[in-house]
Amino acid sequence: SKYAEAIAQASAKHPQPGKTFQYGTAGFRMKADLLDSVVYRVGLLAALRSRKLNGQTIGVMITASHNPPEDNGVKLVDPMGEMLESSWEAYATKLANAPSEEELVQLYSQLTADLKVKPDTPARVIFARDTRASGPRLVECLVDALNATQVEYTDYKLLTTPQLHYLVRCVNTRGTQYEYGEVSEKGYYEKMAAAFKQAMEHSDKPKGSVSVDCANGVGGPKLRELVKYLPSQKEGGIDIKITNDDVSKAESLNHQCGADYVKTNQRAPPSSSAKPLERCCSLDGDADRVIYYFLDESNTFRLLDGDRIATLAASFIGDLAKQSGLSDKLKIGVVQTAYANGASTKYIEKMKLPVEFTATGVKHLHHAATRFDVGVYFEANGHGTVLFSPNALKAIHTYDPQSPAQATALQTLAALTDLINQTVGDALSDMLLVEVILAHKSFSCAEWLATYTDLPNRLVRVEVKDRNAWKTVAGTAERKLETPREAQEMIDGAVGKYKEGRSFVRASGTEEAVRVYAEASTRGEADDLANNVANLVK
Ligand code: NG1
Ligand code: ZN
């Protein structure tokens, strides 16, 4: 076929290391030194995907998010800024596993034919990477593939994952009625800053400051850039204190800091110097997750996780919908996973909002959220966003307010549709959203925390020989095991001994391990239950 020779030649520079790879929930992710051939082949698939979609631009992001500095990963972004369509994940896996150049070329022409891709259609790709040391080398592997398949490409160098998703959507909607924004990093900051100003127009000034732990990743320099576009504290903006923004020492990425550290360990980064009641948040290594927290008066660590952001956003948007006179037109719903704290689910039900559960992985949540006019979705770990449907946008932008109060609520609501990244969870955007809501509600972190009481919980990672032995029953959002045979009965037995106990086991989609989650009415009981179930699994 047309590119066969070029593909084979460049592929020989990046031989398959004799490993089996799988495009998982977060694309391919592993030790960076194993990734060269994988990234090369992902580049080949990006070309195919773009040609299949008539030359629409596909994104490639090189990052391993919250994982250690020596890891890296790669994932594809579809034209509207969504994750790669799931049926194509299998093609990625197949390409990554082709053992030789001949088999790779063979598979590529097979896919070209099966998918009815016309090799002469133009192909366009944009890509970016996080701050990992292996990034530039992996970019070379990617570029080799794009050159071999004659793709037009733009290298955006360092970006957060959500910034790349934003750009992909901007390129593909340019000049249409769905235009999403200017196709540049600057366009991203300008859009967000303008929306922030508008969202703050009818609010009190933000109280206190927010310390942002950037995990020593790409979020640091990008937040510093964003801050230049935001109003200063004097002008009614937020006092943002940036910490852990050192990207010069590769080994410090995600080390003892960042959203995953804080959520998993349920404590502030040891480097934090925040005083009691000071508002803090942590981003992860590619800035698509954010977690809030603070120390209370008695110096006890208090977490405000993704469930908290979801409930805060749902309650605020619900209020705005009522105040603007649009509550009939905006059906608001919340999407969670089994990892959501049971108390957050009860609170959403108390607000009389529908709540749905999906399997772990944002693509599942995202998909479910599109079925609401306003779909709020967050994983407990802080990854999520709020989606406004085309109907919701139309209602918000065409409604004629019947009073000044309706007009101000409507203006704030409209600002949120621009402030909130519509493509994927975005730590910078989500952080501004939280700040806007806290300012509007005149909420301190303590008042936010007081909206409901989390059930104490524990997440344990158990290394097992074969994680695939743990399969969950379809339709249970991963809450029940089908195999190993007696496992679920044993778990149920353990759970039954605790008040408000809940526990489930599932195979990780990103690591060679299974995860045990447990919650119960006291800290001690939650820990006990988690340990008991972990022992059943070992
Ligand atoms: P796995 O490894 O499948 O549990 C983890 C997170 C997910 C999601 C993905 C992708 C937990 C319990 N799991 O998935 O929520 O964020 O990584 O990064 O936090
Ligand atoms: Zn991430």
# chains A, B, ... in the order shown; residues from 1 in each chain; ligands from 1
$ closest_atom_pairs --of "chain A" --to "ligand 1" --cutoff "8 Å" --atoms "only C-alpha atoms and all ligand atoms" --output "Markdown table"
| residue | atom | partner | partner_atom_place_in_ligand_line | distance |
| --- | --- | --- | --- | --- |
| A:Thr25 | CA | ligand 1 | 10 (C) | 5.8 |
| A:Ala26 | CA | ligand 1 | 10 (C) | 5.1 |
| A:Ser65 | CA | ligand 1 | 18 (O) | 7.2 |
| A:His66 | CA | ligand 1 | 18 (O) | 7.7 |
| A:Tyr339 | CA | ligand 1 | 12 (C) | 6.5 |
| A:Thr360 | CA | ligand 1 | 15 (O) | 5.5 |
| A:Gly361 | CA | ligand 1 | 8 (C) | 4.8 |
| A:Val362 | CA | ligand 1 | 8 (C) | 6.6 |
| A:Glu379 | CA | ligand 1 | 15 (O) | 5.8 |
| A:Ala380 | CA | ligand 1 | 19 (O) | 6.9 |
| A:Asn381 | CA | ligand 1 | 19 (O) | 5.3 |
| A:His383 | CA | ligand 1 | 16 (O) | 6.5 |
| A:Leu459 | CA | ligand 1 | 12 (C) | 7.5 |
| A:Arg506 | CA | ligand 1 | 4 (O) | 7.9 |
| A:Ala507 | CA | ligand 1 | 3 (O) | 6.8 |
| A:Ser508 | CA | ligand 1 | 3 (O) | 3.8 |
| A:Gly509 | CA | ligand 1 | 3 (O) | 3.4 |
| A:Thr510 | CA | ligand 1 | 2 (O) | 4.0 |
| A:Glu511 | CA | ligand 1 | 2 (O) | 5.4 |
| A:Ala513 | CA | ligand 1 | 2 (O) | 8.0 |
| A:Val514 | CA | ligand 1 | 4 (O) | 7.9 |
| A:Arg515 | CA | ligand 1 | 4 (O) | 6.7 |
$ residues_near_ligand --ligand "ligand 2" --cutoff "6 Å" --atoms "only C-alpha atoms and all ligand atoms" --output "MDAnalysis selection string"
chainID A and resid 65:66 284:289
$ closest_residue --among "A:Gly325, A:Pro69, A:Pro269, A:Pro456" --to "Ser211 (chain A)" --atoms "only C-alpha atoms"
A:Pro269
$ closest_residue --among "A:Leu481, A:Val39, A:Ala145, A:Leu48" --to "Thr112 (chain A)" --atoms "only C-alpha atoms"
A:Leu48
$ residues_around --residues "Val38 (chain A)" --least-positions-apart "3" --cutoff "12 Å" --atoms "only C-alpha atoms" --output "compact mmCIF listing (two decimals) with N, CA, C and O atoms, in the first residue's frame"
# COMPACT_ATOMS: atom_id res chain seq x y z
N SER A 11 9.79 2.13 11.17
CA SER A 11 9.49 1.20 12.27
C SER A 11 10.74 0.46 12.73
O SER A 11 10.88 0.16 13.92
N HIS A 14 12.34 1.69 15.67
CA HIS A 14 11.63 1.56 16.95
C HIS A 14 11.05 0.16 17.07
O HIS A 14 9.84 -0.02 17.00
N PRO A 15 11.92 -0.85 17.21
CA PRO A 15 11.44 -2.24 17.20
C PRO A 15 10.54 -2.56 18.40
O PRO A 15 10.73 -2.01 19.48
N GLN A 16 9.58 -3.44 18.18
CA GLN A 16 8.69 -3.91 19.24
C GLN A 16 9.55 -4.71 20.22
O GLN A 16 10.28 -5.62 19.82
N PRO A 17 9.51 -4.39 21.53
CA PRO A 17 10.43 -5.03 22.48
C PRO A 17 10.02 -6.44 22.91
O PRO A 17 10.56 -6.96 23.89
N GLY A 18 9.07 -7.06 22.20
CA GLY A 18 8.67 -8.42 22.58
C GLY A 18 7.71 -8.44 23.76
O GLY A 18 7.68 -9.40 24.53
N LYS A 19 6.98 -7.35 23.93
CA LYS A 19 6.01 -7.28 25.03
C LYS A 19 4.59 -7.20 24.48
O LYS A 19 4.40 -6.85 23.32
N THR A 20 3.63 -7.51 25.34
CA THR A 20 2.23 -7.35 24.94
C THR A 20 1.70 -6.08 25.60
O THR A 20 1.85 -5.89 26.80
N PHE A 21 1.10 -5.23 24.77
CA PHE A 21 0.59 -3.95 25.27
C PHE A 21 -0.93 -3.92 25.15
O PHE A 21 -1.51 -4.62 24.34
N GLN A 22 -1.54 -3.04 25.96
CA GLN A 22 -2.99 -2.88 25.84
C GLN A 22 -3.41 -1.42 26.00
O GLN A 22 -2.98 -0.74 26.93
N TYR A 23 -4.21 -0.95 25.05
CA TYR A 23 -4.76 0.41 25.14
C TYR A 23 -5.85 0.37 26.20
O TYR A 23 -6.93 -0.14 25.98
N GLY A 27 -5.24 5.06 27.76
CA GLY A 27 -4.32 4.82 26.64
C GLY A 27 -3.28 3.79 27.03
O GLY A 27 -3.54 2.90 27.85
N PHE A 28 -2.07 3.92 26.49
CA PHE A 28 -0.97 3.05 26.88
C PHE A 28 -0.18 3.76 27.97
O PHE A 28 0.08 4.96 27.86
N ARG A 29 0.17 3.02 29.00
CA ARG A 29 0.95 3.65 30.08
C ARG A 29 1.89 2.62 30.70
O ARG A 29 1.44 1.53 31.03
N MET A 30 3.15 2.95 30.85
CA MET A 30 4.12 2.02 31.44
C MET A 30 5.47 2.72 31.62
O MET A 30 5.57 3.93 31.42
N LYS A 31 6.51 1.94 31.97
CA LYS A 31 7.86 2.49 32.03
C LYS A 31 8.18 3.10 30.67
O LYS A 31 8.01 2.46 29.63
N ALA A 32 8.72 4.31 30.68
CA ALA A 32 8.91 5.05 29.43
C ALA A 32 9.84 4.33 28.45
O ALA A 32 9.66 4.45 27.23
N ASP A 33 10.82 3.58 28.95
CA ASP A 33 11.78 2.96 28.02
C ASP A 33 11.17 1.83 27.20
O ASP A 33 11.81 1.31 26.28
N LEU A 34 9.95 1.45 27.52
CA LEU A 34 9.28 0.41 26.72
C LEU A 34 8.36 1.01 25.65
O LEU A 34 7.75 0.28 24.87
N LEU A 35 8.26 2.33 25.63
CA LEU A 35 7.16 2.95 24.88
C LEU A 35 7.45 3.37 23.44
O LEU A 35 6.53 3.73 22.72
N ARG A 41 3.56 3.52 16.76
CA ARG A 41 2.38 2.88 16.18
C ARG A 41 1.09 3.66 16.48
O ARG A 41 0.16 3.65 15.67
N VAL A 42 1.07 4.34 17.61
CA VAL A 42 -0.07 5.21 17.89
C VAL A 42 -0.11 6.34 16.86
O VAL A 42 -1.18 6.76 16.40
N GLY A 43 1.08 6.81 16.45
CA GLY A 43 1.16 7.83 15.40
C GLY A 43 0.57 7.30 14.10
O GLY A 43 -0.17 8.02 13.39
N LEU A 44 0.87 6.05 13.79
CA LEU A 44 0.30 5.45 12.57
C LEU A 44 -1.23 5.41 12.65
O LEU A 44 -1.93 5.70 11.67
N LEU A 45 -1.72 5.06 13.83
CA LEU A 45 -3.18 4.96 13.99
C LEU A 45 -3.83 6.35 13.91
O LEU A 45 -4.92 6.49 13.35
N ILE A 62 1.13 12.87 25.10
CA ILE A 62 2.15 12.00 25.71
C ILE A 62 2.28 12.39 27.18
O ILE A 62 2.79 13.45 27.51
N ASN A 72 5.73 6.74 31.33
CA ASN A 72 5.10 7.67 30.40
C ASN A 72 3.91 6.97 29.76
O ASN A 72 3.63 5.80 30.06
N GLY A 73 3.23 7.67 28.88
CA GLY A 73 2.04 7.08 28.27
C GLY A 73 1.64 7.87 27.05
O GLY A 73 2.20 8.93 26.76
N VAL A 74 0.67 7.32 26.32
CA VAL A 74 0.20 8.02 25.12
C VAL A 74 -1.27 7.70 24.90
O VAL A 74 -1.72 6.59 25.14
N LYS A 75 -2.02 8.74 24.53
CA LYS A 75 -3.43 8.51 24.22
C LYS A 75 -3.89 9.42 23.09
O LYS A 75 -3.28 10.46 22.82
N ALA A 92 -5.57 0.03 18.13
CA ALA A 92 -4.33 0.53 18.74
C ALA A 92 -3.57 -0.63 19.37
O ALA A 92 -2.35 -0.78 19.19
N THR A 93 -4.31 -1.47 20.09
CA THR A 93 -3.69 -2.61 20.75
C THR A 93 -3.06 -3.56 19.72
O THR A 93 -1.93 -4.01 19.89
N LYS A 94 -3.78 -3.83 18.66
CA LYS A 94 -3.26 -4.73 17.63
C LYS A 94 -1.98 -4.19 17.00
O LYS A 94 -0.99 -4.92 16.85
N LEU A 95 -2.01 -2.91 16.63
CA LEU A 95 -0.82 -2.30 16.02
C LEU A 95 0.36 -2.37 16.98
O LEU A 95 1.48 -2.71 16.60
N ALA A 96 0.11 -2.05 18.25
CA ALA A 96 1.20 -2.04 19.24
C ALA A 96 1.83 -3.41 19.40
O ALA A 96 3.00 -3.54 19.73
N ASN A 97 1.03 -4.45 19.14
CA ASN A 97 1.53 -5.81 19.38
C ASN A 97 2.05 -6.52 18.14
O ASN A 97 2.50 -7.66 18.24
N ALA A 98 1.99 -5.89 16.98
CA ALA A 98 2.54 -6.55 15.78
C ALA A 98 4.03 -6.81 16.02
O ALA A 98 4.79 -5.88 16.31
N PRO A 99 4.45 -8.08 15.92
CA PRO A 99 5.81 -8.43 16.35
C PRO A 99 6.93 -7.95 15.43
O PRO A 99 8.05 -7.77 15.89
N LEU A 104 3.54 -5.56 10.91
CA LEU A 104 2.98 -4.23 11.15
C LEU A 104 2.41 -3.65 9.85
O LEU A 104 1.27 -3.18 9.80
N LEU A 138 10.05 10.43 22.93
CA LEU A 138 8.81 9.81 22.44
C LEU A 138 8.17 10.65 21.35
O LEU A 138 7.55 10.10 20.43
N VAL A 139 8.35 11.96 21.43
CA VAL A 139 7.84 12.82 20.38
C VAL A 139 8.54 12.49 19.05
O VAL A 139 7.90 12.45 17.99
N CYS A 141 9.60 9.59 18.12
CA CYS A 141 8.98 8.35 17.63
C CYS A 141 7.66 8.67 16.92
O CYS A 141 7.35 8.15 15.85
N LEU A 142 6.90 9.56 17.55
CA LEU A 142 5.61 9.95 16.99
C LEU A 142 5.80 10.64 15.64
O LEU A 142 5.12 10.31 14.65
N ALA A 145 6.39 8.47 12.70
CA ALA A 145 5.17 7.85 12.16
C ALA A 145 4.37 8.84 11.31
O ALA A 145 3.83 8.49 10.26
$ closest_residue --among "A:His397, A:His255, A:Val386, A:Leu304" --to "His367 (chain A)" --atoms "only C-alpha atoms"
A:Val386
$ closest_atom_pairs --of "region 181-262 of chain A" --to "region 436-452 of chain A" --cutoff "8 Å" --atoms "only C-alpha atoms" --output "JSON lines"
{"residue": "A:Phe196", "atom": "CA", "partner": "A:Val436", "partner_atom": "CA", "distance": 7.5}
{"residue": "A:Ala199", "atom": "CA", "partner": "A:Val436", "partner_atom": "CA", "distance": 6.8}
{"residue": "A:Met200", "atom": "CA", "partner": "A:Val436", "partner_atom": "CA", "distance": 6.3}
{"residue": "A:His202", "atom": "CA", "partner": "A:His440", "partner_atom": "CA", "distance": 7.8}
{"residue": "A:Ser203", "atom": "CA", "partner": "A:His440", "partner_atom": "CA", "distance": 4.9}
{"residue": "A:Asp204", "atom": "CA", "partner": "A:Ala439", "partner_atom": "CA", "distance": 5.8}
{"residue": "A:Lys205", "atom": "CA", "partner": "A:Ala439", "partner_atom": "CA", "distance": 6.2}
{"residue": "A:Pro206", "atom": "CA", "partner": "A:Ala439", "partner_atom": "CA", "distance": 4.7}
{"residue": "A:Lys207", "atom": "CA", "partner": "A:Ala439", "partner_atom": "CA", "distance": 6.9}
$ atom_distance --atom1 "CA of Phe378 (chain A)" --atom2 "CA of Gly306 (chain A)"
5.4 Å
$ select_by_dssp --residues "region 78-133 of chain A" --states "helix (DSSP H, G or I)" --output "list in words"
Ser86, Ser87, Trp88, Glu89, Ala90, Tyr91, Ala92, Thr93, Lys94, Leu95, Ala96, Asn97, Glu101, Glu102, Glu103, Leu104, Val105, Gln106, Leu107, Tyr108, Ser109, Gln110, Leu111, Thr112, Ala113 and Asp114 of chain A
$ closest_atom_pairs --of "region 63-96 of chain A" --to "region 407-431 of chain A" --cutoff "10 Å" --atoms "only C-alpha atoms" --output "tab-separated table"
residue	atom	partner	partner_atom	distance
A:Val77	CA	A:Thr423	CA	9.8
A:Asp78	CA	A:Thr423	CA	9.9
A:Met80	CA	A:Thr423	CA	7.1
A:Gly81	CA	A:Thr423	CA	5.0
A:Glu82	CA	A:Thr423	CA	5.7
A:Met83	CA	A:Val424	CA	8.3
$ residues_around --residues "Glu185 (chain A)" --least-positions-apart "4" --cutoff "9 Å" --atoms "only C-alpha atoms" --output "PyMOL selection string"
chain A and resi 156+159+163-164+167+189-190
$ write_last_selection --atoms "N, CA, C and O atoms" --output "short mmCIF file (atom, residue, chain, number, x, y, z; two decimals), in the first residue's frame"
data_model
loop_
_atom_site.label_atom_id
_atom_site.label_comp_id
_atom_site.auth_asym_id
_atom_site.auth_seq_id
_atom_site.Cartn_x
_atom_site.Cartn_y
_atom_site.Cartn_z
N TYR A 156 2.67 21.12 19.80
CA TYR A 156 2.38 22.17 20.78
C TYR A 156 3.30 22.09 22.00
O TYR A 156 3.06 22.77 22.99
N LEU A 159 2.02 20.97 27.20
CA LEU A 159 0.66 21.40 27.51
C LEU A 159 0.09 20.49 28.59
O LEU A 159 0.55 19.35 28.76
N GLN A 163 -5.63 21.04 27.95
CA GLN A 163 -5.34 22.07 26.95
C GLN A 163 -5.28 21.46 25.56
O GLN A 163 -5.76 22.05 24.59
N LEU A 164 -4.68 20.27 25.45
CA LEU A 164 -4.64 19.64 24.13
C LEU A 164 -6.05 19.27 23.66
O LEU A 164 -6.42 19.49 22.51
N LEU A 167 -7.64 22.34 22.33
CA LEU A 167 -7.15 22.73 21.00
C LEU A 167 -7.72 21.86 19.89
O LEU A 167 -8.06 22.34 18.81
N TYR A 189 -6.27 30.50 27.57
CA TYR A 189 -6.23 31.37 28.75
C TYR A 189 -7.24 32.52 28.63
O TYR A 189 -7.91 32.88 29.59
N GLU A 190 -7.32 33.08 27.43
CA GLU A 190 -8.22 34.23 27.25
C GLU A 190 -9.67 33.83 27.44
O GLU A 190 -10.45 34.53 28.10
#
$ select_by_dssp --residues "region 251-365 of chain A" --states "strand (DSSP E)" --output "ChimeraX atom specification"
/A:279-283,290-295,301-304,332-336,355-357
$ atom_distance --atom1 "CA of Asp528 (chain A)" --atom2 "CA of Asp492 (chain A)"
14.3 Å
$ residues_around --residues "Asn244 (chain A)" --least-positions-apart "3" --cutoff "10 Å" --atoms "only C-alpha atoms" --output "number ranges by chain"
A: 212-217, 219-220, 247, 252-258, 269, 271-272, 282-283
$ write_last_selection --atoms "all heavy atoms" --output "CSV table (one decimal), in the first residue's frame"
chain,number,residue,atom,x,y,z
A,212,VAL,N,-2.0,26.3,45.5
A,212,VAL,CA,-2.2,25.3,44.5
A,212,VAL,C,-0.9,24.5,44.4
A,212,VAL,O,0.2,25.0,44.0
A,212,VAL,CB,-2.5,25.9,43.2
A,212,VAL,CG1,-2.9,24.8,42.2
A,212,VAL,CG2,-3.7,26.9,43.3
A,213,ASP,N,-1.0,23.2,44.8
A,213,ASP,CA,0.2,22.3,44.7
A,213,ASP,C,0.1,21.7,43.2
A,213,ASP,O,-0.9,21.0,42.9
A,213,ASP,CB,0.0,21.2,45.7
A,213,ASP,CG,0.6,19.8,45.4
A,213,ASP,OD1,1.6,19.8,44.6
A,213,ASP,OD2,0.1,18.8,45.9
A,214,CYS,N,1.1,22.0,42.4
A,214,CYS,CA,1.1,21.6,41.0
A,214,CYS,C,1.8,20.3,40.7
A,214,CYS,O,2.0,20.0,39.5
A,214,CYS,CB,1.7,22.7,40.2
A,214,CYS,SG,0.8,24.3,40.4
A,215,ALA,N,2.1,19.5,41.8
A,215,ALA,CA,2.7,18.2,41.6
A,215,ALA,C,4.0,18.2,40.9
A,215,ALA,O,4.5,17.2,40.4
A,215,ALA,CB,1.7,17.2,40.8
A,216,ASN,N,4.6,19.4,40.8
A,216,ASN,CA,5.9,19.6,40.0
A,216,ASN,C,5.7,19.1,38.6
A,216,ASN,O,6.7,18.6,38.0
A,216,ASN,CB,7.1,18.9,40.7
A,216,ASN,CG,7.4,19.5,42.1
A,216,ASN,OD1,7.5,20.7,42.2
A,216,ASN,ND2,7.6,18.7,43.1
A,217,GLY,N,4.6,19.3,38.1
A,217,GLY,CA,4.3,18.9,36.7
A,217,GLY,C,3.9,20.1,35.8
A,217,GLY,O,4.0,21.3,36.2
A,219,GLY,N,1.2,21.4,35.1
A,219,GLY,CA,0.2,22.4,35.6
A,219,GLY,C,0.9,23.6,36.2
A,219,GLY,O,0.2,24.7,36.2
A,220,GLY,N,2.1,23.5,36.7
A,220,GLY,CA,2.8,24.6,37.4
A,220,GLY,C,3.0,25.8,36.4
A,220,GLY,O,2.4,26.9,36.6
A,247,VAL,N,9.6,22.2,37.7
A,247,VAL,CA,9.7,21.1,36.6
A,247,VAL,C,11.1,20.8,36.2
A,247,VAL,O,11.3,20.1,35.3
A,247,VAL,CB,8.8,21.5,35.4
A,247,VAL,CG1,7.3,21.6,35.8
A,247,VAL,CG2,9.2,22.8,34.8
A,252,SER,N,11.1,14.9,40.9
A,252,SER,CA,10.2,15.4,41.9
A,252,SER,C,8.7,15.4,41.4
A,252,SER,O,7.8,15.6,42.2
A,252,SER,CB,10.6,16.9,42.2
A,252,SER,OG,10.5,17.7,41.1
A,253,LEU,N,8.5,15.1,40.1
A,253,LEU,CA,7.1,15.0,39.6
A,253,LEU,C,6.3,14.0,40.4
A,253,LEU,O,6.7,12.8,40.6
A,253,LEU,CB,7.2,14.5,38.1
A,253,LEU,CG,5.9,14.2,37.4
A,253,LEU,CD1,5.0,15.5,37.3
A,253,LEU,CD2,6.1,13.6,36.1
A,254,ASN,N,5.1,14.4,40.9
A,254,ASN,CA,4.2,13.6,41.6
A,254,ASN,C,4.8,13.0,42.9
A,254,ASN,O,4.2,12.1,43.5
A,254,ASN,CB,3.7,12.4,40.8
A,254,ASN,CG,2.8,12.9,39.6
A,254,ASN,OD1,2.1,13.9,39.7
A,254,ASN,ND2,3.0,12.2,38.5
A,255,HIS,N,6.0,13.4,43.3
A,255,HIS,CA,6.7,12.8,44.4
A,255,HIS,C,6.2,13.5,45.7
A,255,HIS,O,6.5,14.7,45.9
A,255,HIS,CB,8.2,12.9,44.2
A,255,HIS,CG,8.9,12.2,45.4
A,255,HIS,ND1,8.9,10.9,45.6
A,255,HIS,CD2,9.7,12.7,46.3
A,255,HIS,CE1,9.6,10.6,46.7
A,255,HIS,NE2,10.1,11.7,47.1
A,256,GLN,N,5.6,12.8,46.6
A,256,GLN,CA,5.1,13.4,47.9
A,256,GLN,C,4.2,14.6,47.7
A,256,GLN,O,4.3,15.5,48.5
A,256,GLN,CB,6.3,13.7,48.8
A,256,GLN,CG,7.2,12.6,49.0
A,256,GLN,CD,7.0,11.9,50.3
A,256,GLN,OE1,6.0,11.4,50.6
A,256,GLN,NE2,8.0,12.0,51.2
A,257,CYS,N,3.6,14.7,46.6
A,257,CYS,CA,2.7,15.8,46.3
A,257,CYS,C,1.7,15.5,45.2
A,257,CYS,O,1.8,14.4,44.6
A,257,CYS,CB,3.5,17.1,45.9
A,257,CYS,SG,4.5,16.9,44.4
A,258,GLY,N,0.8,16.4,44.8
A,258,GLY,CA,-0.1,16.1,43.8
A,258,GLY,C,-1.4,15.5,44.2
A,258,GLY,O,-1.5,15.0,45.3
A,269,PRO,N,0.5,17.3,51.2
A,269,PRO,CA,1.9,17.0,50.9
A,269,PRO,C,2.8,17.5,52.1
A,269,PRO,O,2.5,18.5,52.7
A,269,PRO,CB,2.2,17.9,49.7
A,269,PRO,CG,0.9,18.2,49.1
A,269,PRO,CD,-0.1,18.2,50.3
A,271,SER,N,5.4,18.9,52.2
A,271,SER,CA,6.0,20.2,51.9
A,271,SER,C,5.0,21.4,52.2
A,271,SER,O,5.4,22.5,52.2
A,271,SER,CB,6.4,20.3,50.4
A,271,SER,OG,5.3,20.1,49.6
A,272,SER,N,3.7,21.1,52.4
A,272,SER,CA,2.7,22.1,52.6
A,272,SER,C,3.0,22.9,53.8
A,272,SER,O,3.2,22.4,54.9
A,272,SER,CB,1.3,21.5,52.6
A,272,SER,OG,0.4,22.5,53.0
A,282,SER,N,-4.7,20.4,45.1
A,282,SER,CA,-3.5,19.8,44.4
A,282,SER,C,-4.0,19.3,43.0
A,282,SER,O,-5.1,18.8,42.9
A,282,SER,CB,-3.1,18.5,45.2
A,282,SER,OG,-2.4,18.9,46.4
A,283,LEU,N,-3.1,19.6,42.0
A,283,LEU,CA,-3.3,19.1,40.7
A,283,LEU,C,-2.6,17.8,40.5
A,283,LEU,O,-1.7,17.5,41.3
A,283,LEU,CB,-2.8,20.1,39.6
A,283,LEU,CG,-3.0,21.6,39.9
A,283,LEU,CD1,-2.4,22.4,38.7
A,283,LEU,CD2,-4.5,21.9,40.0
$ closest_residue --among "A:Leu529, A:Val334, A:Ala4, A:Ala474" --to "Ile317 (chain A)" --atoms "only C-alpha atoms"
A:Val334
$ closest_residue --among "A:Pro79, A:Gly375, A:Gly342, A:Pro404" --to "Gln323 (chain A)" --atoms "only C-alpha atoms"
A:Pro404
$ residues_around --residues "Arg224 (chain A)" --least-positions-apart "6" --cutoff "10 Å" --atoms "only C-alpha atoms" --output "ChimeraX atom specification"
/A:240-242,245
$ write_last_selection --atoms "all heavy atoms" --output "PDB file, in the first residue's frame"
ATOM      1  N   ILE A 240      -3.909  33.525  44.318  1.00  0.00           N
ATOM      2  CA  ILE A 240      -3.448  32.160  44.036  1.00  0.00           C
ATOM      3  C   ILE A 240      -1.975  32.026  44.422  1.00  0.00           C
ATOM      4  O   ILE A 240      -1.131  32.771  43.929  1.00  0.00           O
ATOM      5  CB  ILE A 240      -3.623  31.831  42.534  1.00  0.00           C
ATOM      6  CG1 ILE A 240      -5.105  31.909  42.138  1.00  0.00           C
ATOM      7  CG2 ILE A 240      -3.057  30.454  42.206  1.00  0.00           C
ATOM      8  CD1 ILE A 240      -5.384  31.618  40.668  1.00  0.00           C
ATOM      9  N   LYS A 241      -1.693  31.097  45.332  1.00  0.00           N
ATOM     10  CA  LYS A 241      -0.304  30.836  45.734  1.00  0.00           C
ATOM     11  C   LYS A 241       0.130  29.518  45.102  1.00  0.00           C
ATOM     12  O   LYS A 241      -0.452  28.473  45.390  1.00  0.00           O
ATOM     13  CB  LYS A 241      -0.199  30.730  47.253  1.00  0.00           C
ATOM     14  CG  LYS A 241      -0.535  32.034  47.960  1.00  0.00           C
ATOM     15  CD  LYS A 241      -0.347  31.879  49.466  1.00  0.00           C
ATOM     16  CE  LYS A 241      -0.544  33.196  50.179  1.00  0.00           C
ATOM     17  NZ  LYS A 241      -1.292  33.032  51.438  1.00  0.00           N
ATOM     18  N   ILE A 242       1.142  29.607  44.245  1.00  0.00           N
ATOM     19  CA  ILE A 242       1.549  28.411  43.505  1.00  0.00           C
ATOM     20  C   ILE A 242       2.679  27.686  44.241  1.00  0.00           C
ATOM     21  O   ILE A 242       3.684  28.300  44.591  1.00  0.00           O
ATOM     22  CB  ILE A 242       1.973  28.805  42.076  1.00  0.00           C
ATOM     23  CG1 ILE A 242       0.802  29.502  41.370  1.00  0.00           C
ATOM     24  CG2 ILE A 242       2.440  27.584  41.297  1.00  0.00           C
ATOM     25  CD1 ILE A 242       1.100  29.973  39.961  1.00  0.00           C
ATOM     26  N   ASP A 245       5.949  23.705  41.915  1.00  0.00           N
ATOM     27  CA  ASP A 245       5.905  24.009  40.481  1.00  0.00           C
ATOM     28  C   ASP A 245       7.304  23.916  39.872  1.00  0.00           C
ATOM     29  O   ASP A 245       7.615  24.586  38.902  1.00  0.00           O
ATOM     30  CB  ASP A 245       5.311  25.403  40.255  1.00  0.00           C
ATOM     31  CG  ASP A 245       6.139  26.499  40.897  1.00  0.00           C
ATOM     32  OD1 ASP A 245       6.846  26.203  41.887  1.00  0.00           O
ATOM     33  OD2 ASP A 245       6.096  27.633  40.417  1.00  0.00           O
TER      34      ASP A 245
END
$ residues_around --residues "Asp527 (chain A)" --least-positions-apart "4" --cutoff "12 Å" --atoms "only C-alpha atoms" --output "compact mmCIF listing (two decimals) with C-alpha atoms, in the first residue's frame"
# COMPACT_ATOMS: atom_id res chain seq x y z
CA LEU A 455 -18.27 8.12 55.46
CA PRO A 456 -14.73 7.15 56.48
CA ASN A 457 -13.24 5.11 53.65
CA ARG A 458 -10.11 3.30 52.57
CA LEU A 459 -8.74 2.33 49.17
CA VAL A 460 -6.19 -0.51 49.13
CA VAL A 495 -19.43 -6.16 54.82
CA TYR A 498 -20.16 -3.25 59.82
CA GLY A 501 -20.43 -0.92 55.54
CA ARG A 502 -19.80 -1.11 51.82
CA SER A 503 -16.92 -2.73 50.00
CA VAL A 516 -10.29 -2.84 47.35
CA TYR A 517 -12.59 -0.03 48.44
CA ALA A 518 -14.33 0.03 51.79
CA GLU A 519 -16.40 2.53 53.72
CA ALA A 520 -18.09 2.27 57.12
CA SER A 521 -19.42 4.50 59.87
CA THR A 522 -16.07 4.94 61.67
CA ARG A 523 -12.44 5.29 60.59
CA ASN A 531 -8.04 -5.01 55.42
CA ASN A 532 -10.40 -7.95 55.81
CA VAL A 533 -11.47 -7.78 52.20
CA ALA A 534 -7.87 -7.26 51.03
